[in-house]
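This is work_21.cif. It holds mmCIF, C-alpha atoms.
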data_start
#
loop_
_atom_site.label_atom_id
_atom_site.label_comp_id
_atom_site.auth_asym_id
_atom_site.auth_seq_id
_atom_site.Cartn_x
_atom_site.Cartn_y
_atom_site.Cartn_z
CA MET A 430 54.24 -8.31 17.44
CA LYS A 431 53.98 -11.91 18.60
CA THR A 432 55.63 -13.30 21.71
CA LEU A 433 57.62 -16.52 21.68
CA VAL A 434 58.17 -18.29 25.01
CA LEU A 435 60.67 -21.15 25.13
CA ALA A 436 59.91 -23.89 27.67
CA ALA A 437 61.39 -27.00 26.09
CA GLY A 438 64.90 -26.98 27.54
CA LYS A 439 66.35 -29.92 29.38
CA PRO A 440 67.60 -29.20 32.92
CA ARG A 441 71.22 -29.46 33.95
CA GLU A 442 72.11 -32.69 35.72
CA GLU A 443 72.06 -31.07 39.16
CA LEU A 444 68.53 -29.73 38.63
CA SER A 445 67.16 -32.79 36.85
CA VAL A 446 66.84 -34.72 40.14
CA LEU A 447 63.87 -32.46 40.97
CA VAL A 448 62.04 -32.89 37.64
CA PRO A 449 59.82 -35.99 37.35
CA PRO A 450 59.25 -37.70 33.96
CA GLY A 451 56.77 -35.90 31.72
CA GLN A 452 57.43 -32.59 33.43
CA ASN A 453 59.92 -29.77 32.88
CA LYS A 454 61.92 -27.51 35.17
CA VAL A 455 59.52 -24.65 34.37
CA LEU A 456 56.89 -26.57 36.39
CA LEU A 457 58.96 -26.56 39.60
CA ARG A 458 57.10 -24.45 42.11
CA ILE A 459 58.06 -21.22 43.86
CA LEU A 460 55.66 -19.56 46.33
CA GLY A 461 52.75 -21.66 45.12
CA LYS A 462 53.27 -21.06 41.40
CA PRO A 463 55.27 -22.86 38.69
CA ILE A 464 58.36 -21.06 37.39
CA ILE A 465 56.67 -20.40 34.05
CA TYR A 466 53.98 -18.39 35.83
CA TYR A 467 56.45 -15.55 36.40
CA PRO A 468 57.47 -14.82 32.77
CA LEU A 469 53.94 -15.44 31.49
CA THR A 470 52.27 -13.02 33.91
CA ALA A 471 54.96 -10.42 33.20
CA ILE A 472 54.22 -10.72 29.49
CA ASN A 473 50.47 -10.69 30.04
CA LYS A 474 50.63 -7.48 32.08
CA THR A 475 52.77 -5.70 29.51
CA LEU A 476 51.91 -6.85 26.00
CA LYS A 477 48.53 -8.21 24.90
CA SER A 478 49.63 -10.27 21.94
CA GLU A 479 49.50 -13.88 20.83
CA ILE A 480 51.89 -16.07 22.78
CA LEU A 481 53.60 -18.97 21.04
CA LEU A 482 54.74 -21.55 23.59
CA VAL A 483 57.39 -24.07 22.57
CA TYR A 484 57.40 -27.13 24.84
CA ARG A 485 58.97 -30.55 24.51
CA SER A 486 56.78 -33.27 23.01
CA GLY A 487 55.66 -35.55 25.84
CA GLU A 488 55.60 -32.66 28.31
CA GLU A 489 52.10 -31.44 27.50
CA LYS A 490 51.62 -30.56 31.15
CA VAL A 491 53.77 -27.46 30.46
CA TYR A 492 51.21 -26.06 28.02
CA GLN A 493 48.24 -27.17 30.13
CA THR A 494 49.68 -25.41 33.17
CA ALA A 495 50.78 -22.28 31.30
CA ALA A 496 47.33 -21.75 29.78
CA LYS A 497 45.87 -21.20 33.26
CA TYR A 498 47.81 -17.99 33.82
CA ILE A 499 47.08 -15.83 30.79
CA ASP A 500 44.01 -14.22 29.26
CA THR A 501 45.31 -13.87 25.71
CA ILE A 502 45.68 -16.33 22.83
CA MET A 503 48.28 -19.03 23.40
CA THR A 504 49.41 -21.34 20.60
CA PRO A 505 51.18 -24.55 21.68
CA ILE A 506 54.14 -25.66 19.57
CA PRO A 507 55.54 -29.10 20.47
CA GLN A 508 59.26 -29.57 19.87
CA TYR A 509 60.09 -33.11 18.73
CA ASP A 510 63.82 -32.90 18.10
CA GLY A 511 66.90 -31.12 19.42
CA ASN A 512 67.89 -29.70 22.78
CA SER A 513 69.19 -26.21 22.03
CA VAL A 514 67.62 -22.76 21.92
CA THR A 515 68.36 -22.79 18.20
CA ASP A 516 66.27 -25.94 17.73
CA ALA A 517 63.40 -24.40 19.68
CA LEU A 518 63.50 -21.23 17.59
CA LEU A 519 63.41 -23.16 14.33
CA THR A 520 60.48 -25.19 15.63
CA ALA A 521 58.49 -21.95 15.91
CA ALA A 522 59.77 -20.28 12.73
CA GLU A 523 56.72 -21.05 10.59
CA LYS A 524 54.33 -19.52 13.14
CA LEU A 525 56.35 -16.28 13.12
CA GLY A 526 56.37 -15.84 9.35
CA ASP A 527 53.63 -13.19 9.36
CA THR A 528 55.38 -10.70 11.64
CA ASP A 529 58.49 -8.53 11.18
CA TYR A 530 59.59 -8.60 14.83
CA PHE A 531 58.89 -10.85 17.79
CA LEU A 532 59.42 -10.75 21.53
CA LEU A 533 61.46 -13.73 22.72
CA VAL A 534 61.28 -14.71 26.38
CA PHE A 535 62.89 -17.69 28.07
CA GLY A 536 60.41 -19.59 30.23
CA ASP A 537 62.83 -20.42 33.05
CA ILE A 538 63.53 -16.88 34.23
CA VAL A 539 61.87 -15.16 37.20
CA PHE A 540 61.58 -11.40 36.69
CA SER A 541 59.14 -8.49 37.04
CA GLU A 542 57.08 -7.02 34.21
CA ASP A 543 59.09 -3.76 34.29
CA ALA A 544 61.93 -5.59 32.55
CA ILE A 545 59.74 -6.31 29.51
CA ALA A 546 58.30 -2.80 29.61
CA GLN A 547 61.77 -1.27 29.39
CA VAL A 548 62.77 -3.51 26.48
CA LEU A 549 59.59 -2.64 24.59
CA SER A 550 59.91 1.08 25.29
CA THR A 551 63.53 1.17 24.11
CA HIS A 552 62.80 -0.75 20.94
CA LEU A 553 59.71 1.22 19.97
CA THR A 554 61.25 4.65 20.53
CA GLN A 555 64.60 4.11 18.78
CA ASP A 556 65.60 3.00 15.31
CA LEU A 557 66.88 -0.48 16.18
CA GLU A 558 67.11 -3.88 14.59
CA ALA A 559 67.15 -5.69 17.91
CA THR A 560 66.90 -4.99 21.63
CA ILE A 561 68.15 -7.22 24.42
CA LEU A 562 67.87 -7.20 28.20
CA VAL A 563 71.22 -7.42 30.00
CA THR A 564 72.04 -7.85 33.68
CA PRO A 565 75.26 -7.42 35.71
CA LEU A 566 77.87 -10.15 35.37
CA VAL A 567 79.81 -11.88 38.12
CA PRO A 568 82.97 -12.82 36.13
CA GLU A 569 83.63 -16.12 37.91
CA TYR A 570 80.23 -17.41 36.76
CA ALA A 571 80.52 -16.20 33.16
CA TYR A 572 80.66 -19.75 31.79
CA THR A 573 77.13 -20.45 33.11
CA TYR A 574 75.50 -17.64 31.09
CA GLY A 575 75.34 -16.07 27.67
CA VAL A 576 77.55 -12.95 27.73
CA VAL A 577 77.59 -9.77 25.64
CA ARG A 578 80.07 -6.93 25.16
CA VAL A 579 78.44 -3.50 25.26
CA ASP A 580 80.00 -0.21 24.12
CA GLU A 581 79.77 3.16 25.86
CA GLU A 582 76.60 4.08 23.94
CA GLY A 583 74.79 0.93 25.03
CA TYR A 584 75.05 -0.99 21.76
CA VAL A 585 75.88 -4.68 21.80
CA LYS A 586 79.13 -5.28 19.93
CA ARG A 587 79.82 -8.92 20.64
CA VAL A 588 77.90 -12.00 21.79
CA ILE A 589 79.97 -14.80 23.29
CA GLU A 590 78.62 -18.32 22.84
CA ASN A 591 80.82 -20.24 25.27
CA PRO A 592 82.38 -17.74 27.68
CA GLN A 593 85.04 -18.97 30.07
CA ILE A 594 87.06 -16.19 31.68
CA VAL A 595 85.83 -12.66 31.02
CA ALA A 596 88.34 -9.91 31.74
CA GLU A 597 87.54 -7.04 29.39
CA GLU A 598 84.91 -4.53 30.51
CA PRO A 599 82.05 -3.97 30.19
CA TYR A 600 80.46 -7.39 29.76
CA TYR A 601 76.92 -8.31 30.78
CA VAL A 602 74.73 -11.39 31.07
CA THR A 603 72.06 -11.88 28.41
CA GLY A 604 68.77 -11.57 30.29
CA GLY A 605 66.60 -13.96 28.28
CA ILE A 606 64.33 -11.19 26.93
CA TYR A 607 64.82 -10.03 23.33
CA ILE A 608 63.03 -8.19 20.56
CA LEU A 609 64.36 -9.64 17.33
CA PRO A 610 63.73 -9.27 13.61
CA THR A 611 62.05 -12.37 12.23
CA TYR A 612 64.62 -12.64 9.46
CA ILE A 613 67.15 -13.82 12.05
CA LEU A 614 65.41 -17.21 11.86
CA ASP A 615 66.12 -17.37 8.12
CA GLU A 616 69.76 -16.48 8.82
CA ILE A 617 70.02 -19.27 11.39
CA LYS A 618 68.59 -21.82 8.99
CA ARG A 619 70.31 -20.64 5.82
CA LYS A 620 73.78 -20.19 7.33
CA ASN A 621 73.48 -23.07 9.83
CA MET A 622 74.19 -20.73 12.74
CA SER A 623 73.54 -21.24 16.42
CA PHE A 624 71.36 -18.67 18.17
CA PRO A 625 74.37 -16.95 19.83
CA GLN A 626 76.20 -16.88 16.50
CA ALA A 627 73.20 -15.28 14.82
CA LEU A 628 72.94 -12.71 17.61
CA ASN A 629 76.64 -11.94 17.28
CA HIS A 630 76.27 -11.49 13.52
CA LEU A 631 73.34 -9.14 14.08
CA ALA A 632 75.25 -7.14 16.71
CA GLN A 633 78.26 -6.68 14.44
CA ASN A 634 76.24 -5.75 11.36
CA GLY A 635 73.21 -3.91 12.75
CA LYS A 636 72.00 -1.85 15.67
CA MET A 637 71.34 -4.00 18.73
CA LYS A 638 70.67 -2.03 21.91
CA ALA A 639 71.23 -3.31 25.44
CA VAL A 640 68.68 -2.49 28.13
CA TYR A 641 70.34 -2.57 31.54
CA TRP A 642 68.37 -4.29 34.29
CA SER A 643 69.28 -4.64 37.96
CA GLY A 644 65.85 -5.51 39.36
CA LEU A 645 64.28 -8.90 40.05
CA TRP A 646 65.92 -11.43 37.73
CA ILE A 647 66.92 -15.04 38.35
CA ASP A 648 67.81 -17.57 35.68
CA ILE A 649 66.80 -21.01 37.02
CA GLY A 650 69.69 -23.14 35.81
CA TYR A 651 70.87 -24.79 39.04
CA PRO A 652 68.91 -25.99 42.09
CA TRP A 653 70.31 -23.21 44.28
CA ASP A 654 68.91 -20.66 41.83
CA LEU A 655 65.53 -21.72 43.21
CA LEU A 656 66.69 -20.70 46.68
CA GLU A 657 67.79 -17.33 45.33
CA ALA A 658 64.44 -16.84 43.57
CA VAL A 659 62.59 -17.55 46.82
CA HIS A 660 64.92 -15.17 48.67
CA GLN A 661 64.35 -12.33 46.22
CA LEU A 662 60.59 -12.80 45.99
CA MET A 663 60.16 -13.12 49.74
CA SER A 664 62.32 -10.05 50.33
CA ARG A 665 59.52 -8.13 48.61
CA MET A 666 56.82 -9.47 50.96
CA ASN A 667 55.65 -6.83 53.44
CA LYS A 668 52.60 -8.29 55.18
CA THR A 669 51.04 -11.48 56.47
CA ILE A 670 48.19 -13.04 54.51
CA ILE A 671 46.27 -15.94 56.07
CA ALA A 672 43.59 -17.71 54.05
CA ARG A 673 40.17 -17.93 55.68
CA SER A 674 40.18 -21.72 55.45
CA ALA A 675 43.53 -22.04 57.24
CA GLU A 676 43.27 -23.39 60.79
CA ILE A 677 45.82 -22.06 63.25
CA GLU A 678 45.80 -22.90 66.95
CA ASN A 679 45.63 -19.95 69.37
CA ASN A 680 49.08 -20.55 70.85
CA VAL A 681 50.89 -20.54 67.50
CA VAL A 682 53.38 -17.67 67.09
CA ILE A 683 53.52 -15.99 63.68
CA GLU A 684 56.06 -13.25 63.04
CA GLY A 685 55.49 -12.07 59.49
CA PRO A 686 55.62 -11.50 56.74
CA ALA A 687 54.01 -14.81 55.83
CA ILE A 688 51.58 -16.25 53.31
CA ILE A 689 49.52 -19.12 54.71
CA ASP A 690 47.37 -20.65 52.00
CA ASP A 691 44.01 -22.44 51.93
CA GLY A 692 43.51 -25.55 54.03
CA VAL A 693 46.71 -25.18 56.07
CA TYR A 694 46.68 -26.51 59.64
CA ILE A 695 49.28 -25.31 62.17
CA ASP A 696 49.34 -27.25 65.42
CA HIS A 697 49.89 -26.06 69.00
CA TYR A 698 53.04 -24.08 69.91
CA ALA A 699 54.46 -23.99 66.39
CA VAL A 700 56.50 -20.88 65.53
CA ILE A 701 56.44 -19.28 62.07
CA LYS A 702 59.11 -16.61 61.57
CA GLY A 703 58.88 -14.99 58.15
CA PRO A 704 59.26 -14.38 55.43
CA VAL A 705 57.62 -17.75 54.85
CA TYR A 706 55.18 -19.36 52.40
CA ILE A 707 53.05 -22.33 53.48
CA GLY A 708 51.18 -23.93 50.59
CA LYS A 709 47.67 -25.28 50.32
CA ASN A 710 46.58 -28.13 52.60
CA SER A 711 49.94 -28.30 54.38
CA PHE A 712 50.38 -29.39 58.00
CA ILE A 713 52.82 -27.98 60.57
CA GLY A 714 53.22 -30.15 63.66
CA THR A 715 53.28 -29.11 67.29
CA HIS A 716 56.36 -27.23 68.55
CA SER A 717 57.84 -27.04 65.03
CA PHE A 718 59.82 -23.99 63.88
CA VAL A 719 59.48 -22.73 60.30
CA ARG A 720 62.07 -20.03 59.77
CA HIS A 721 62.91 -17.31 57.27
CA PHE A 722 62.94 -17.84 53.50
CA THR A 723 61.19 -21.21 53.69
CA ASP A 724 58.82 -22.18 50.88
CA LEU A 725 56.58 -25.17 51.69
CA GLU A 726 54.59 -26.12 48.60
CA LYS A 727 51.14 -27.70 48.72
CA LYS A 728 50.45 -30.74 50.91
CA THR A 729 53.78 -30.57 52.71
CA ARG A 730 53.53 -32.27 56.11
CA ILE A 731 55.95 -31.44 58.93
CA GLY A 732 55.98 -33.50 62.11
CA ALA A 733 56.43 -32.35 65.68
CA PHE A 734 59.58 -30.57 66.92
CA ALA A 735 60.98 -30.11 63.39
CA GLU A 736 62.95 -27.06 62.19
CA VAL A 737 63.11 -25.80 58.62
CA LYS A 738 65.10 -22.78 57.39
CA ASN A 739 65.78 -21.31 53.93
CA THR A 740 64.40 -24.46 52.32
CA ILE A 741 62.02 -25.35 49.50
CA THR A 742 59.80 -28.42 49.57
CA GLN A 743 58.02 -29.37 46.37
CA PRO A 744 54.45 -30.77 46.72
CA TYR A 745 53.54 -33.89 48.70
CA THR A 746 56.65 -33.88 50.88
CA LEU A 747 56.67 -35.46 54.35
CA LEU A 748 59.15 -34.39 57.02
CA ASP A 749 58.84 -36.57 60.10
CA SER A 750 59.33 -35.46 63.70
CA LYS A 751 62.56 -33.76 64.79
CA VAL A 752 63.85 -33.29 61.23
CA ILE A 753 66.20 -30.32 60.74
CA LEU A 754 66.52 -28.91 57.22
CA ALA A 755 68.58 -25.88 56.24
CA ASP A 756 69.38 -24.36 52.83
CA SER A 757 67.93 -27.39 51.05
CA ILE A 758 65.54 -28.28 48.24
CA ILE A 759 63.31 -31.34 48.48
CA GLY A 760 61.65 -32.94 45.45
CA GLU A 761 58.01 -33.96 45.35
CA ASN A 762 56.70 -37.16 46.95
CA THR A 763 59.74 -37.43 49.21
CA ILE A 764 59.76 -38.72 52.80
CA ILE A 765 62.43 -37.70 55.32
CA GLY A 766 62.50 -39.86 58.43
CA ALA A 767 62.56 -38.71 62.04
CA ASN A 768 65.74 -37.16 63.51
CA SER A 769 67.35 -36.64 60.09
CA ILE A 770 69.54 -33.56 59.58
CA THR A 771 70.98 -31.69 56.60
CA LEU A 772 74.34 -30.05 57.35
CA ASN A 773 74.85 -26.83 55.42
CA ILE A 774 78.30 -25.20 55.77
CA LEU A 775 80.30 -26.07 52.67
CA PRO A 776 84.03 -26.78 52.93
CA GLU A 777 86.17 -24.01 51.44
CA GLN A 778 87.29 -26.20 48.54
CA GLU A 779 83.72 -26.89 47.40
CA LYS A 780 82.79 -24.61 44.51
CA TYR A 781 79.25 -24.41 43.18
CA PRO A 782 78.45 -22.14 40.22
CA ARG A 783 76.15 -19.20 41.01
CA LEU A 784 75.77 -20.16 44.67
CA ARG A 785 75.29 -16.96 46.62
CA THR A 786 77.41 -16.11 49.65
CA HIS A 787 75.66 -15.65 53.00
CA LEU A 788 76.96 -14.01 56.13
CA VAL A 789 77.32 -16.44 59.01
CA LYS A 790 75.50 -15.36 62.17
CA PRO A 791 76.19 -13.70 64.53
CA THR A 792 76.96 -10.56 62.58
CA SER A 793 80.07 -9.97 64.70
CA ILE A 794 81.72 -12.78 62.70
CA LYS A 795 82.69 -11.07 59.47
CA VAL A 796 83.42 -14.23 57.50
CA GLN A 797 81.67 -15.05 54.28
CA LYS A 798 80.59 -18.67 53.94
CA ARG A 799 78.80 -20.54 51.22
CA LYS A 800 75.86 -22.45 52.62
CA LEU A 801 74.10 -25.33 50.93
CA GLY A 802 72.26 -28.22 52.53
CA ALA A 803 70.96 -31.02 50.32
CA ILE A 804 69.27 -31.32 46.94
CA ILE A 805 66.98 -34.32 47.40
CA GLY A 806 65.24 -35.66 44.31
CA TYR A 807 61.64 -36.72 43.83
CA ASN A 808 60.27 -40.02 45.22
CA VAL A 809 63.14 -40.34 47.70
CA LYS A 810 62.91 -42.03 51.10
CA ILE A 811 65.39 -40.94 53.76
CA ASN A 812 65.26 -43.37 56.65
CA PRO A 813 65.32 -42.06 60.26
CA SER A 814 68.45 -40.59 61.86
CA THR A 815 70.27 -39.88 58.60
CA ILE A 816 72.87 -37.11 58.57
CA ILE A 817 73.25 -35.61 55.09
CA SER A 818 76.50 -33.85 54.18
CA PRO A 819 76.58 -30.28 52.84
CA GLY A 820 76.02 -30.00 49.10
CA SER A 821 74.71 -33.56 48.73
CA ILE A 822 72.64 -34.35 45.66
CA ILE A 823 70.40 -37.39 46.12
CA LYS A 824 69.05 -39.03 42.98
CA PRO A 825 65.33 -39.64 42.43
CA ASN A 826 63.71 -42.86 43.65
CA SER A 827 66.55 -43.48 46.12
CA VAL A 828 66.20 -45.11 49.51
CA ILE A 829 68.82 -43.92 52.00
CA SER A 830 68.87 -46.59 54.66
CA HIS A 831 71.77 -45.66 56.92
CA ILE A 832 73.99 -42.79 58.03
CA LYS A 833 76.64 -41.97 55.44
CA PRO A 834 78.14 -38.92 53.74
CA LEU A 835 76.26 -38.31 50.51
CA LYS A 836 77.89 -36.59 47.56
CA PRO A 837 76.75 -35.94 43.96
#
Here is a file; write its structure as structure tokens.
Amino acid sequence: MKTLVLAAGKPREELSVLVPPGQNKVLLRILGKPIIYYPLTAINKTLKSEILLVYRSGEEKVYQTAAKYIDTIMTPIPQYDGNSVTDALLTAAEKLGDTDYFLLVFGDIVFSEDAIAQVLSTHLTQDLEATILVTPLVPEYAYTYGVVRVDEEGYVKRVIENPQIVAEEPYYVTGGIYILPTYILDEIKRKNMSFPQALNHLAQNGKMKAVYWSGLWIDIGYPWDLLEAVHQLMSRMNKTIIARSAEIENNVVIEGPAIIDDGVYIDHYAVIKGPVYIGKNSFIGTHSFVRHFTDLEKKTRIGAFAEVKNTITQPYTLLDSKVILADSIIGENTIIGANSITLNILPEQEKYPRLRTHLVKPTSIKVQKRKLGAIIGYNVKINPSTIISPGSIIKPNSVISHIKPLKP
């Protein structure tokens, strides 16, 4: 059985501000690794088979990066045309012609290897034409996912291509991991079907089993999905790991768990309160406070008296002195000037798909609020003393030169 990994998709508009030209969203980094690292290592630990990797022509960095993380054969397949999953599947069809079944995995999903193991076990021990991973559905976000209807015996009976409002139970989210018969590619081509249409046809005319999964699983479709991925991965951290080459002053306070990578320098009186990841060759200035669920990717520099919480910085980011960032994502090569602040409590009328709800502290206040700071694109310069409104999305290569509310 061969494995097909799809990594050619174009990001949604909200996420695209973080993806520089020639790259892909699967190269955005989480805890020191690109997104594609997570599905590839899960596959590599579970199934030692040839991996076919579909990537978009012009984004060769996807294949070059992916090849670093596996020890099995990987065949690159550039996709020249089309933007859909269907187009990507047809691009790989010829390479799958010598196998009856294949494992299909989407390259923009963060999950643990047990998910693949369960799909494989179910398919190999039952008489099935197809097997699909499914995860619980939040009905209000149905339109952002593929959705399936499952009967009481666990068989998929319907696949919905463009779900809007889902009322009938039970429905589940398609989990981006499938074992499929290779002939489905012929059906797609011959009958001019989309991938969801072909899945629906297979479900209604064959035996397609759903494998229920409630473990680690995040589909990276929106920027705030990155925050959720960091939250889930860091929630599994249980110790502090400090690289030997990291330099930490004696009066620094570290309350773990934390991962502090090679070449990091943490200056006097800084406080690190985990879970936290600090990437290679990063710098934390004196008296700065790096708080829970913060992911600082390599060569991030934070000036003195800054505070960062529940935030992701992509590589080569500079935060000047007295910057306060909360619930934000910062693209690579971005500079944020001194005394700048991201506000993070969204107004009630602001609705963001798949944005998780967080409990406002202190815990005595039993009010659920949606928190989101700013999504700041790559190569952005935020001039000093800028106040950035909650939920702002700042386009790449922008220069923000004065205080103003910023909206998408």
- prompt: Counting only C-alpha atoms, what is within 10 Å of A:His630, bar same-chain residues fewer than 5 positions away, as a ChimeraX atom specification?
  reply: /A:586-588,613,616,622,624-625,635
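In this comparison, which uses all atoms listed in the file, the residue of A:Gly714, A:Pro610, A:Gly438, A:Pro507 approaching A:Leu557 most closely is A:Pro610.
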Contact table stretch 537-621 of chain A vs stretch 472-479 of chain A, cut-off 12 Å, shortest pair per residue, all atoms listed in the file, as JSON lines:
{"residue": "A:Val539", "atom": "CA", "partner": "A:Ile472", "partner_atom": "CA", "distance": 11.7}
{"residue": "A:Phe540", "atom": "CA", "partner": "A:Ile472", "partner_atom": "CA", "distance": 10.3}
{"residue": "A:Ser541", "atom": "CA", "partner": "A:Ile472", "partner_atom": "CA", "distance": 9.3}
{"residue": "A:Glu542", "atom": "CA", "partner": "A:Thr475", "partner_atom": "CA", "distance": 6.5}
{"residue": "A:Asp543", "atom": "CA", "partner": "A:Thr475", "partner_atom": "CA", "distance": 8.2}
{"residue": "A:Ala544", "atom": "CA", "partner": "A:Thr475", "partner_atom": "CA", "distance": 9.7}
{"residue": "A:Ile545", "atom": "CA", "partner": "A:Thr475", "partner_atom": "CA", "distance": 7.0}
{"residue": "A:Ala546", "atom": "CA", "partner": "A:Thr475", "partner_atom": "CA", "distance": 6.2}
{"residue": "A:Gln547", "atom": "CA", "partner": "A:Thr475", "partner_atom": "CA", "distance": 10.0}
{"residue": "A:Val548", "atom": "CA", "partner": "A:Thr475", "partner_atom": "CA", "distance": 10.7}
{"residue": "A:Leu549", "atom": "CA", "partner": "A:Leu476", "partner_atom": "CA", "distance": 8.9}
{"residue": "A:Ser550", "atom": "CA", "partner": "A:Thr475", "partner_atom": "CA", "distance": 10.7}
{"residue": "A:Ile606", "atom": "CA", "partner": "A:Ile472", "partner_atom": "CA", "distance": 10.4}
Atom CA of A:Leu628 to atom CA of A:Glu657, distance in Å rounded to a single decimal: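 So the answer is 28.6 Å.
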task: Please evaluate the PyMOL selection byres ((chain A and resi 683) around 7) against the structure above and give the resulting residues as a list in words.
output: Val681, Val682, Glu684, Gly685, Val700, Ile701 and Lys702 of chain A
